[in-house]
>>> print(open('entry19.txt').read())   # compact mmCIF, C-alpha atoms and all ligand atoms
# COMPACT_ATOMS: atom_id res chain seq x y z
CA MET A 1478 78.88 91.62 98.90
CA ASP A 1479 75.37 92.98 99.15
CA ALA A 1480 75.51 96.77 99.77
CA LEU A 1481 73.11 96.65 102.73
CA GLU A 1482 75.07 93.87 104.39
CA ALA A 1483 78.27 95.91 104.04
CA ILE A 1484 76.55 98.97 105.54
CA MET A 1485 75.03 97.07 108.46
CA THR A 1486 78.28 95.31 109.39
CA THR A 1487 80.71 98.21 108.96
CA ARG A 1488 81.76 99.20 112.45
CA ALA A 1489 84.84 100.35 114.35
CA ILE A 1490 87.60 97.74 113.94
CA ARG A 1491 90.58 98.57 116.15
CA ARG A 1492 92.39 95.22 116.39
CA PHE A 1493 94.28 94.02 113.35
CA THR A 1494 96.44 91.09 112.30
CA ASP A 1495 99.95 91.61 110.83
CA GLU A 1496 98.77 90.60 107.36
CA PRO A 1497 99.65 93.29 104.82
CA VAL A 1498 96.98 95.05 102.76
CA ALA A 1499 97.20 94.34 99.03
CA ASP A 1500 97.88 97.46 96.95
CA GLU A 1501 94.96 96.58 94.71
CA ASP A 1502 92.59 96.55 97.71
CA LEU A 1503 93.92 99.88 98.97
CA TRP A 1504 93.31 101.43 95.55
CA THR A 1505 89.80 99.95 95.41
CA CYS A 1506 89.02 101.65 98.74
CA LEU A 1507 90.53 104.94 97.58
CA ARG A 1508 88.57 104.84 94.33
CA ALA A 1509 85.37 104.17 96.30
CA ALA A 1510 86.19 107.16 98.53
CA GLN A 1511 86.76 109.40 95.54
CA GLN A 1512 83.40 108.34 94.09
CA ALA A 1513 81.57 109.98 97.02
CA PRO A 1514 79.52 113.13 96.47
CA SER A 1515 80.83 116.61 97.27
CA GLY A 1516 79.21 120.06 97.11
CA GLY A 1517 79.37 121.33 93.53
CA ASN A 1518 81.45 118.21 92.80
CA VAL A 1519 84.53 120.17 93.89
CA GLN A 1520 86.14 116.98 95.29
CA PRO A 1521 88.09 118.68 98.08
CA THR A 1522 89.49 115.56 99.77
CA ARG A 1523 93.17 114.68 99.63
CA TYR A 1524 94.36 111.25 100.72
CA LEU A 1525 97.68 110.78 102.44
CA VAL A 1526 98.52 107.10 102.80
CA VAL A 1527 101.18 106.24 105.38
CA THR A 1528 102.78 102.81 104.99
CA ASP A 1529 106.42 103.58 105.85
CA PRO A 1530 107.19 101.84 109.20
CA ASP A 1531 109.24 104.76 110.59
CA LEU A 1532 106.53 107.28 109.76
CA ARG A 1533 103.86 104.96 111.16
CA ALA A 1534 105.86 104.82 114.39
CA GLU A 1535 105.94 108.62 114.56
CA VAL A 1536 102.23 108.92 113.76
CA GLY A 1537 101.59 106.20 116.35
CA LYS A 1538 103.38 108.24 119.04
CA LEU A 1539 101.41 111.37 118.20
CA TYR A 1540 98.15 109.41 118.15
CA ARG A 1541 98.87 107.79 121.54
CA SER A 1542 99.70 111.15 123.07
CA ALA A 1543 96.55 112.72 121.56
CA PHE A 1544 94.43 109.87 122.88
CA THR A 1545 95.94 110.15 126.37
CA ARG A 1546 95.23 113.87 126.37
CA TYR A 1547 91.64 113.14 125.32
CA THR A 1548 91.10 110.56 128.07
CA GLU A 1549 92.23 113.15 130.63
CA VAL A 1550 89.33 115.43 129.72
CA ALA A 1551 86.69 113.01 128.38
CA PRO A 1552 83.73 112.29 130.65
CA GLU A 1553 84.21 108.93 132.34
CA ARG A 1554 81.90 106.18 131.06
CA THR A 1555 81.08 103.37 133.43
CA ASP A 1556 78.40 101.58 131.37
CA ALA A 1557 79.45 98.27 129.79
CA ALA A 1558 79.38 99.64 126.23
CA GLY A 1559 81.40 102.71 127.22
CA VAL A 1560 84.02 100.62 128.99
CA ARG A 1561 84.28 98.32 125.93
CA ILE A 1562 84.77 101.27 123.57
CA GLU A 1563 87.41 102.78 125.85
CA ARG A 1564 89.32 99.50 126.05
CA SER A 1565 89.15 99.03 122.28
CA ALA A 1566 90.12 102.68 121.57
CA ASN A 1567 93.00 102.36 123.99
CA HIS A 1568 94.20 99.24 122.16
CA LEU A 1569 94.26 101.15 118.88
CA ALA A 1570 96.13 104.02 120.54
CA GLU A 1571 98.75 101.57 121.81
CA HIS A 1572 99.10 99.70 118.51
CA LEU A 1573 98.42 102.17 115.70
CA ALA A 1574 102.04 102.00 114.52
CA THR A 1575 101.61 98.27 113.77
CA VAL A 1576 98.54 98.72 111.55
CA PRO A 1577 99.77 98.18 107.96
CA VAL A 1578 98.09 101.25 106.42
CA ILE A 1579 97.10 104.59 107.94
CA VAL A 1580 95.07 106.89 105.70
CA PHE A 1581 94.70 110.60 106.40
CA PHE A 1582 91.71 112.35 104.84
CA LEU A 1583 92.68 115.99 104.41
CA MET A 1584 90.41 118.93 103.71
CA PRO A 1585 91.20 122.51 102.77
CA ARG A 1586 90.77 125.17 105.45
CA LEU A 1587 87.90 127.09 103.86
CA PRO A 1588 85.11 129.17 105.40
CA SER A 1589 81.61 127.72 105.09
CA LEU A 1590 80.22 131.17 104.37
CA VAL A 1591 80.33 132.27 100.75
CA GLN A 1592 79.42 135.94 100.25
CA GLY A 1593 77.89 135.85 103.74
CA ILE A 1594 75.56 132.91 103.16
CA ASP A 1595 75.95 129.51 104.78
CA ILE A 1596 76.29 126.85 102.09
CA GLY A 1597 77.38 124.11 104.48
CA PRO A 1598 80.72 123.21 106.03
CA VAL A 1599 83.61 121.85 103.94
CA HIS A 1600 83.74 118.66 105.96
CA ALA A 1601 80.27 117.77 104.65
CA SER A 1602 82.07 117.12 101.36
CA VAL A 1603 84.79 114.98 102.95
CA TYR A 1604 83.12 112.56 105.37
CA PRO A 1605 81.08 110.86 102.64
CA ALA A 1606 84.45 109.88 101.12
CA VAL A 1607 85.62 108.54 104.48
CA GLN A 1608 82.51 106.40 104.87
CA ASN A 1609 82.75 105.13 101.28
CA PHE A 1610 86.33 104.12 102.01
CA CYS A 1611 85.24 102.21 105.14
CA LEU A 1612 82.37 100.50 103.29
CA ALA A 1613 84.61 99.40 100.42
CA ALA A 1614 87.12 98.08 102.95
CA ARG A 1615 84.36 96.08 104.64
CA ALA A 1616 83.29 94.63 101.30
CA LEU A 1617 86.88 93.40 100.85
CA GLY A 1618 87.00 91.94 104.37
CA LEU A 1619 89.22 94.77 105.66
CA GLY A 1620 88.67 96.68 108.88
CA THR A 1621 88.71 100.45 109.51
CA THR A 1622 87.75 103.03 112.13
CA LEU A 1623 86.95 106.65 111.46
CA THR A 1624 89.06 108.55 114.03
CA THR A 1625 89.61 112.24 114.67
CA VAL A 1626 91.48 112.43 117.99
CA ILE A 1627 94.80 113.04 116.17
CA ARG A 1628 93.56 116.63 115.75
CA VAL A 1629 94.80 117.19 119.32
CA HIS A 1630 98.26 117.12 117.70
CA GLN A 1631 97.22 118.34 114.27
CA ALA A 1632 100.03 120.86 113.76
CA GLU A 1633 102.79 118.37 114.65
CA THR A 1634 101.20 115.66 112.50
CA LEU A 1635 100.87 117.89 109.42
CA ASP A 1636 104.45 119.02 109.96
CA LEU A 1637 105.71 115.42 110.23
CA LEU A 1638 104.00 114.52 106.96
CA GLY A 1639 104.99 117.70 105.11
CA VAL A 1640 101.40 118.84 104.59
CA PRO A 1641 101.02 122.56 103.79
CA ASP A 1642 99.20 124.70 106.38
CA ARG A 1643 96.13 125.24 104.25
CA TRP A 1644 95.05 121.63 104.82
CA GLU A 1645 93.55 120.14 107.95
CA ILE A 1646 92.86 116.60 109.08
CA ALA A 1647 89.28 115.41 108.64
CA ALA A 1648 90.02 111.84 109.67
CA LEU A 1649 92.72 109.28 110.29
CA VAL A 1650 91.64 105.80 109.24
CA PRO A 1651 93.65 102.68 110.06
CA LEU A 1652 93.23 99.93 107.45
CA GLY A 1653 94.07 96.28 107.94
CA HIS A 1654 92.81 92.73 108.28
CA PRO A 1655 90.58 92.52 111.36
CA ALA A 1656 91.68 90.32 114.25
CA GLY A 1657 88.02 89.62 115.13
CA LYS A 1658 84.79 89.15 113.25
CA PHE A 1659 82.48 91.74 111.69
CA SER A 1660 79.08 92.10 113.35
CA VAL A 1661 76.06 94.37 113.46
CA ALA A 1662 76.73 97.06 116.10
CA ALA A 1663 74.11 98.03 118.69
CA ARG A 1664 72.36 101.30 117.89
CA ARG A 1665 69.40 103.25 119.22
CA ASP A 1666 66.07 102.41 117.59
CA VAL A 1667 65.78 104.69 114.58
CA ALA A 1668 61.98 104.80 114.95
CA GLU A 1669 62.44 106.66 118.25
CA LEU A 1670 64.64 109.25 116.52
CA THR A 1671 62.51 109.87 113.46
CA SER A 1672 59.55 112.15 112.95
CA PHE A 1673 57.50 112.72 109.84
CA ASN A 1674 56.38 116.07 108.48
CA ARG A 1675 56.69 117.96 111.80
CA TRP A 1676 59.16 117.66 114.67
CA SER A 1677 57.85 115.49 117.47
C1 LIG B 1 83.52 111.78 114.17
C2 LIG B 1 84.06 110.52 114.78
C3 LIG B 1 85.25 110.56 115.48
C4 LIG B 1 85.78 109.39 116.03
N1 LIG B 1 87.02 109.43 116.64
C5 LIG B 1 87.55 108.31 117.11
C6 LIG B 1 88.87 108.32 117.65
O1 LIG B 1 89.55 109.34 117.66
N2 LIG B 1 89.39 107.16 118.12
C7 LIG B 1 88.68 105.98 118.07
O2 LIG B 1 89.21 104.95 118.51
N3 LIG B 1 87.43 105.93 117.56
C8 LIG B 1 86.86 107.06 117.08
N4 LIG B 1 85.62 107.02 116.50
C9 LIG B 1 84.90 105.74 116.39
C10 LIG B 1 83.68 105.67 117.31
O3 LIG B 1 84.08 105.49 118.63
C11 LIG B 1 82.81 104.51 116.83
O4 LIG B 1 82.37 104.80 115.53
C12 LIG B 1 81.60 104.30 117.72
O5 LIG B 1 82.00 103.96 119.01
C13 LIG B 1 80.71 103.20 117.16
O6 LIG B 1 81.46 102.01 117.05
P1 LIG B 1 80.76 100.68 116.48
O7 LIG B 1 80.33 100.99 115.07
O8 LIG B 1 81.81 99.60 116.52
O9 LIG B 1 79.59 100.41 117.36
C14 LIG B 1 85.08 108.16 115.93
C15 LIG B 1 83.88 108.12 115.19
C16 LIG B 1 83.39 109.27 114.61
C17 LIG B 1 82.12 109.19 113.78
>>> encode(input="entry19.txt", output="structure tokens")
Amino acid sequence: MDALEAIMTTRAIRRFTDEPVADEDLWTCLRAAQQAPSGGNVQPTRYLVVTDPDLRAEVGKLYRSAFTRYTEVAPERTDAAGVRIERSANHLAEHLATVPVIVFFLMPRLPSLVQGIDIGPVHASVYPAVQNFCLAARALGLGTTLTTVIRVHQAETLDLLGVPDRWEIAALVPLGHPAGKFSVAARRDVAELTSFNRWS
């Protein structure tokens, strides 16, 4: 698939079929993730792939609870797009356990100051990997969504999965065959958000 087409049609997919994900496809996505840039090429990301049905059920419970907690405090959105996102996000929260593959992107808990100077946050070296993963999935016809709400229950989730304390969750990405079709998502006009040479 053309790279630009993959980029333009990669969007949040939260409804999946029961079809399993081929191991080969999963590894293609992971290799694409690992190919992403990182500061000093330190490659800080660790990937924790959850496929075991019992563990997925436990992660699903934690995710649902985290999402419920979030909806209690999130500002209410009444616009059509906001309502659609909420309905779709709620569907994922209710069905995460049934998604065939759940990938955690983990990052080390490190300060972004080195010798007192700001060299950029660690997550700047992790999210490119997440997006590469999602783009590779799209190229293979697989759906993903970058999610972070599980951080509401981060400690319990890391404990469940046996992850040492020095790691934190950058993202949880469900991976599966989409129930719907890929499309180009609505976005603000980039020309209105761009200035040249000086801020305007
Ligand atoms: C940093 C970040 C955190 C997100 N967290 C969640 C999440 O916890 N749950 C969820 O369902 N979607 C989450 N999303 C997905 C966004 O809601 C989605 O990317 C946005 O609504 C645009 O969707 P679209 O590309 O389909 O238009 C997150 C996206 C980003 C970039």
>>> residues_near_ligand(input="entry19.txt", ligand="ligand LIG 1 (chain B)", cutoff="9 Å", atoms="only C-alpha atoms and all ligand atoms", output="mmCIF file with C-alpha atoms, keeping the file's coordinate frame")
data_model
loop_
_atom_site.group_PDB
_atom_site.id
_atom_site.type_symbol
_atom_site.label_atom_id
_atom_site.label_comp_id
_atom_site.auth_asym_id
_atom_site.auth_seq_id
_atom_site.Cartn_x
_atom_site.Cartn_y
_atom_site.Cartn_z
ATOM 1 C CA THR A 1486 78.280 95.310 109.390
ATOM 2 C CA THR A 1487 80.710 98.210 108.960
ATOM 3 C CA ARG A 1488 81.760 99.200 112.450
ATOM 4 C CA ALA A 1489 84.840 100.350 114.350
ATOM 5 C CA ILE A 1490 87.600 97.740 113.940
ATOM 6 C CA ARG A 1491 90.580 98.570 116.150
ATOM 7 C CA TYR A 1540 98.150 109.410 118.150
ATOM 8 C CA ALA A 1543 96.550 112.720 121.560
ATOM 9 C CA PHE A 1544 94.430 109.870 122.880
ATOM 10 C CA TYR A 1547 91.640 113.140 125.320
ATOM 11 C CA ALA A 1558 79.380 99.640 126.230
ATOM 12 C CA GLY A 1559 81.400 102.710 127.220
ATOM 13 C CA ILE A 1562 84.770 101.270 123.570
ATOM 14 C CA GLU A 1563 87.410 102.780 125.850
ATOM 15 C CA SER A 1565 89.150 99.030 122.280
ATOM 16 C CA ALA A 1566 90.120 102.680 121.570
ATOM 17 C CA ASN A 1567 93.000 102.360 123.990
ATOM 18 C CA HIS A 1568 94.200 99.240 122.160
ATOM 19 C CA LEU A 1569 94.260 101.150 118.880
ATOM 20 C CA ALA A 1570 96.130 104.020 120.540
ATOM 21 C CA TYR A 1604 83.120 112.560 105.370
ATOM 22 C CA THR A 1622 87.750 103.030 112.130
ATOM 23 C CA LEU A 1623 86.950 106.650 111.460
ATOM 24 C CA THR A 1624 89.060 108.550 114.030
ATOM 25 C CA THR A 1625 89.610 112.240 114.670
ATOM 26 C CA VAL A 1626 91.480 112.430 117.990
ATOM 27 C CA ILE A 1627 94.800 113.040 116.170
ATOM 28 C CA ARG A 1628 93.560 116.630 115.750
ATOM 29 C CA ALA A 1647 89.280 115.410 108.640
ATOM 30 C CA ALA A 1648 90.020 111.840 109.670
ATOM 31 C CA LEU A 1649 92.720 109.280 110.290
ATOM 32 C CA SER A 1660 79.080 92.100 113.350
ATOM 33 C CA VAL A 1661 76.060 94.370 113.460
ATOM 34 C CA ALA A 1662 76.730 97.060 116.100
ATOM 35 C CA ALA A 1663 74.110 98.030 118.690
ATOM 36 C CA ARG A 1664 72.360 101.300 117.890
#
>>> residues_around(input="entry19.txt", residues="region 1609-1612 of chain A", least_positions_apart="2", cutoff="8 Å", atoms="only C-alpha atoms", output="list in words")
Ala1483, Ile1484, Thr1487, Cys1506, Leu1507, Ala1509, Ala1510, Gln1512, Ala1513, Pro1605, Ala1606, Val1607, Ala1614, Arg1615, Ala1616, Gly1620, Thr1621, Thr1622 and Leu1623 of chain A
>>> closest_residue(input="entry19.txt", among="A:Glu1669, A:Asp1556, A:Glu1633, A:Asp1642", to="Glu1535 (chain A)", atoms="all atoms listed in the file")
A:Glu1633
>>> closest_residue(input="entry19.txt", among="A:Phe1659, A:Phe1673, A:Phe1581, A:Trp1644", to="Leu1525 (chain A)", atoms="all atoms listed in the file")
A:Phe1581
>>> closest_residue(input="entry19.txt", among="A:Ala1601, A:Ala1613, A:Ala1551, A:Leu1539", to="Ala1574 (chain A)", atoms="all atoms listed in the file")
A:Leu1539
>>> residues_around(input="entry19.txt", residues="Ser1589 (chain A)", least_positions_apart="2", cutoff="12 Å", atoms="all atoms listed in the file", output="ChimeraX atom specification")
/A:1516,1585-1587,1591-1602
>>> closest_residue(input="entry19.txt", among="A:Leu1635, A:Arg1492, A:Asn1518, A:Leu1503", to="Glu1571 (chain A)", atoms="only C-alpha atoms")
A:Arg1492
>>> closest_residue(input="entry19.txt", among="A:Ala1534, A:Val1580, A:Val1629, A:Leu1481", to="Thr1548 (chain A)", atoms="all atoms listed in the file")
A:Val1629
